[in-house]
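Single-structure report; data block below.
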Amino acid sequence: MNWIELHNNASAPLHDIPVLSYEKFCAYVAEFLNQNDSCHCVSYYAFPYNNGLKFIACIADDSDGIIYILSHEQPKSVTKLASLSKDIFELHIFEREIHENFGIDFIGHPWLKPVRYAHNRANLENEIKNYPFFKITGEALHQVGVGPIHAGVIEPGHFRFICNGENVLHLEIQLGYQHKGIERLFLEKSKLIQRAILAESIAGDTVVGHSLAFAHNMEQLLGLSESKQLAIIRSIALELERIAVHIGDLSAMCLDVAYQLGSSVFGSLRTPVINYFQWWCGNRFARTLIRPGYNPYPLEKELIERLKKMLDEFEIKFDEISKKTFTLPSVLSRFEKTGQVTAQQMKLIGAVGIPARITGIRRDIRTSHPSMYYTELKYQPVIMDSGDVYAHGRLKSHEISRSISYIRRLLGKLEELGKQQEPDRPNYPQLKLKKNYFSIDLVEGWRGEICHTAITDQDGNLMHYKVKDPSMHNWLGLALAVRNNEISDFPICNKSFDLSYCGHDL
Amino acid sequence: MLNILLIIIASIFFLGIVNRVRSTLSGRKGPGLVQSWLDIYRLTKKQAIYSKVSSFMFQIAPSIQFASIICAILVVPFGNHEAILAFDGDFIFFAYVLAVGKFFMICAALDTGSPFEGMGANREALYSMLAEPAFFVLMGSFAMLTGHFSFHEIFNNIHFGSFESFLLGGLATYLLVQIAMVENSRLPVDDPKTHLELTMVHEVMILDTSGIDLAMIATATTLKFAIYGMLITNFFLDPTWSEWLKIPIFFTIQAGWAITVALLESFRARARMKRNPLIIFSLTALSILIFFGVLIIMNKFML
């Protein structure tokens with residue numbers, strides 16, 4: 001065998017992953033990604049191993065729910081490798097990351113630029129101020145630089161437009177202002193509870209998504225299992241987070257086109273959902289809700305009733321305003337055909353989550369690689385095909401409706417199960433991670449596929465923890481979406497993609 | 001003097017009413033009616049900050065714009081109260097004195113060297129240029145109808161009580177409302193509430209302005225609304241009515257005009273930037289309709 005096959009939320013001894021030569025590694029990766037339309041790369045990274053580097057590529061096959069894990073090792077002396085991105089463009093961001101962290105030159109890489117300026121990057125002379133922007137010169141062209149200070153209240157990022165009048169020819173997005181060093185902190189903070197809190201702060205708007213991916217990895221490495229009840233409750237939390245963020249996005253999209261009624265009604269509907277989290281776990285963004293191995297906040301009967309009531313009231317208002325918004329001519333004229341992307345583009349850059357689904361690509365981890373309760377209660381993804389801002393908004397509104405009905409079904413299952421003995425809180429300090437193990441977990445967060453992988457060494461310490469937020473792939477999608485659009489439509493495109501700055505900057 | 005006084009009183013409450021109605025329509029409580037003036041008062045106490053790369057142009061432009069608004073007020077009559085300055089062709093003076101203010105604001109925006117402000121200046125110049133013919137065809141038609149060339153005399157002579165004059169008055173009101181929405185940078189052409197520089201038109205031009213300069217610009221904005229309100233009122237006033245009737249009508253129309261602005265802005269989205277020239281051009285088309293109406297009334301145009 002030249003690779004191992006794992007399902008989602010699984011683990012394997014590290015030594016089981018065959019080590020390939022770089023030529024073979026490239027050949028197999030290329031074979032998977034080029035010849036198989038249902039495969040996409042969920043994570044590809046390198047880390048220091050035995051005085052050299054170990055490369056691991058995780059390729060998910062959406063047709064049968066299998067994740068192929070391939071690896072390659074090389075001594076420190078090798079600093080030049082042939083680029084895979086030349087032919088398989090979706091790997092470009094992963095190679096850029098490896099290049100930035102370890103100084104490997106990928107020969108033939110089309111866009112080998114810094115990614116996030118981590119403090120432990122290989123070449124400290126690469127700084128934000130000397131970022132190599134793409135240049136076009138011409139009499140009629142002008143450049144507009146936006147950021148890094150955001151006009152609203154969100155995060156830092158710099159956007160460099162090359163425009164011809166009001167039309168955008170090219171947009172380059174430069175991130176890396178946050179220097180959080182999350183992956184390094186995962187290794188430095190040795191307590192499980194510290195790491196759990198760290199996982200919650202990878203992206204403040206995807207607390208449930210990221211902490212689920214973390215919890216699953218830890219459960220795999222600790223040998224803990226997820227009870228049926230826990231799986232249901234976690235699925236409920238994930239869908240609730242999706243509703244909360246999607247509705248906030250819809251509000252912001254209406255605000256960007258100055259549709260006041262939509263903006264204020266959608267905005268006010270977000271409150272009951274996040275307030276429900278507050279009732280449930282004491283935090284409106286669901287922090288502390290997910291912990292490895294047990295459920296800190298059981299869904300008591302009273303909480304279930306409250307959730308049902310909240311969803312019933314929510315749904316009536318939501319249906320009314322979304323019907324109104326998506327039939328209003330002035331809104332439609334702003335949304336339709338704005339920021340259009342094609343399925344071909346999205347496949348090329350390996351887009352995941354909503355940007356993929358709006359172009360008709362069926363890429364949804366809940367269906368293709370189900371874990372938690374999605375394995376038993378099938379989820380049917382929402383697919384649109386126009387690829388514009390309208391598709392973003394409509395898909396979000398459909399997903400909200402679908403999540404509501406899915407939560408209702410989950411609650412039904414939970415009540416069917418009846419009162420079960422919940423596993424006690426494991427004594428975290430006494431737990432030991434498996435030695436020399438590799439684990440992987442994919443979660444479909446509201447933004448798209450989240451991938452966490454963990455690797456332990458021979459003493460059972462974390463050797464590497466890799467986080468991949470869906471924004472990693474999708475930022476380039478935004479840059480493609482605004483091409484040949486008016487520059488004044490950039491904010492609405494940006495809002496409809498709603499990508500994470502901190503999920504990218506890590 | 002009465003007309004100046006009325007315009008100032010109306011301007012105090014104008015934006016307050018707009019914002020209060022908008023808030024109420026979106027289910028919020030909303031600020032007090034004089035909040036816009038409290039904000040202006042707060043701004044006057046702040047220091048103005050000037051960028052090192054900007055020149056004197058940036059510093060004088062807000063004052064010139066404010067002065068241009070004051071000059072424009074001087075030529076606006078109230079019913080049979082003649083304006084302080086009234087002369088033949090004063091409506092041309094009115095349009096171009098406002099344009100002078102705008103010209104200096106555009107220069108100031110370019111002066112900052114910011115790519116946003118350049119973009120905003122570009123859009124503002126285009127939209128004002130496109131809105132200009134609508135206003136002149138409108139006023140020119142009425143000048144032709146009445147045979148007079150000043151605001152005061154035009155307004156005093158268009159009320160001959162016939163069915164057609166009310167029809168033209170209604171059309172002219174609609175047109176003036178729309179022109180005022182464009183000139184005051186409101187929906188659907190511009191969105192004064194947005195925080196997104198890339199979509200702004202007027203707001204982005206004053207991003208670097210602060211302190212007393214910003215206070216002057218904000219005052220100018222509220223005054224401009226009240227001026228347009230006064231022009232609209234004039235279409236409905238009969239010169240023979242007494243002051244006790246005309247002043248309440250004035251305030252009713254101003255309030256109605258403020259509520260109209262709020263209603264127009266609450267239930268629709270802003271237009272796509274590319275469509276804005278088309279929207280503004282359609283105003284010129286409407287004003288040509290008034291022109292034909294006048295020709296028909298004057299029997300110069302046979303049906």
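As shown in the structure tokens, the chain order sets the letters A, B, ...; within each chain, residues go from 1, and ligands are also counted from 1 in the order they appear.
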
How close does chain B get to chain A? List, as a Markdown table, each residue of chain B within 7 Å, its nearest atom pair and the distance in Å to one decimal, counting only C-alpha atoms.
```
| residue | atom | partner | partner_atom | distance |
| --- | --- | --- | --- | --- |
| B:Ser26 | CA | A:Leu261 | CA | 5.6 |
| B:Pro115 | CA | A:Val144 | CA | 5.7 |
| B:Asp191 | CA | A:Ala258 | CA | 6.6 |
| B:His195 | CA | A:Ala151 | CA | 6.1 |
| B:Leu196 | CA | A:Ala151 | CA | 6.4 |
| B:Leu198 | CA | A:Ser488 | CA | 5.0 |
| B:Thr199 | CA | A:Ser488 | CA | 4.4 |
| B:Ser266 | CA | A:Gln260 | CA | 5.4 |
| B:Phe267 | CA | A:Leu261 | CA | 6.1 |
| B:Arg268 | CA | A:Tyr259 | CA | 5.4 |
| B:Ala269 | CA | A:Tyr259 | CA | 4.2 |
| B:Arg270 | CA | A:Val257 | CA | 5.5 |
| B:Ala271 | CA | A:Ser330 | CA | 6.7 |
| B:Arg272 | CA | A:Arg334 | CA | 5.8 |
| B:Met273 | CA | A:Ser488 | CA | 6.9 |
```

Considering only C-alpha atoms, return as a ChimeraX atom specification whatever protein or nucleic-acid residues lie within 10 Å of His179 in chain A, sequence-local ones (same chain, fewer than 5 positions apart) excluded.
/A:116-120,502,505-506

Can you spit out the residues from that selection as a CSV table (one decimal), in the first residue's frame, using N, CA and C atoms?
```csv
chain,number,residue,atom,x,y,z
A,116,ARG,N,1.0,34.1,6.1
A,116,ARG,CA,0.4,34.8,7.3
A,116,ARG,C,1.5,35.3,8.2
A,117,TYR,N,2.7,35.3,7.8
A,117,TYR,CA,3.8,35.9,8.6
A,117,TYR,C,3.8,35.4,10.1
A,118,ALA,N,3.9,34.1,10.2
A,118,ALA,CA,4.0,33.6,11.6
A,118,ALA,C,5.3,34.0,12.2
A,119,HIS,N,5.4,34.1,13.5
A,119,HIS,CA,6.7,34.5,14.1
A,119,HIS,C,7.8,33.5,13.9
A,120,ASN,N,7.4,32.3,13.7
A,120,ASN,CA,8.5,31.3,13.5
A,120,ASN,C,8.7,30.9,12.1
A,502,CYS,N,-9.0,35.6,11.1
A,502,CYS,CA,-8.2,34.9,12.1
A,502,CYS,C,-8.1,33.4,11.8
A,505,ASP,N,-5.2,33.6,9.5
A,505,ASP,CA,-4.0,34.1,10.1
A,505,ASP,C,-3.5,33.1,11.2
A,506,LEU,N,-4.4,32.4,11.8
A,506,LEU,CA,-4.0,31.4,12.8
A,506,LEU,C,-3.0,31.9,13.8
```

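Of the listed residues (A:Arg425, A:Lys324, A:His392, A:Arg234), A:Arg425 comes nearest to Tyr294 in chain A; the distances count only C-alpha atoms.
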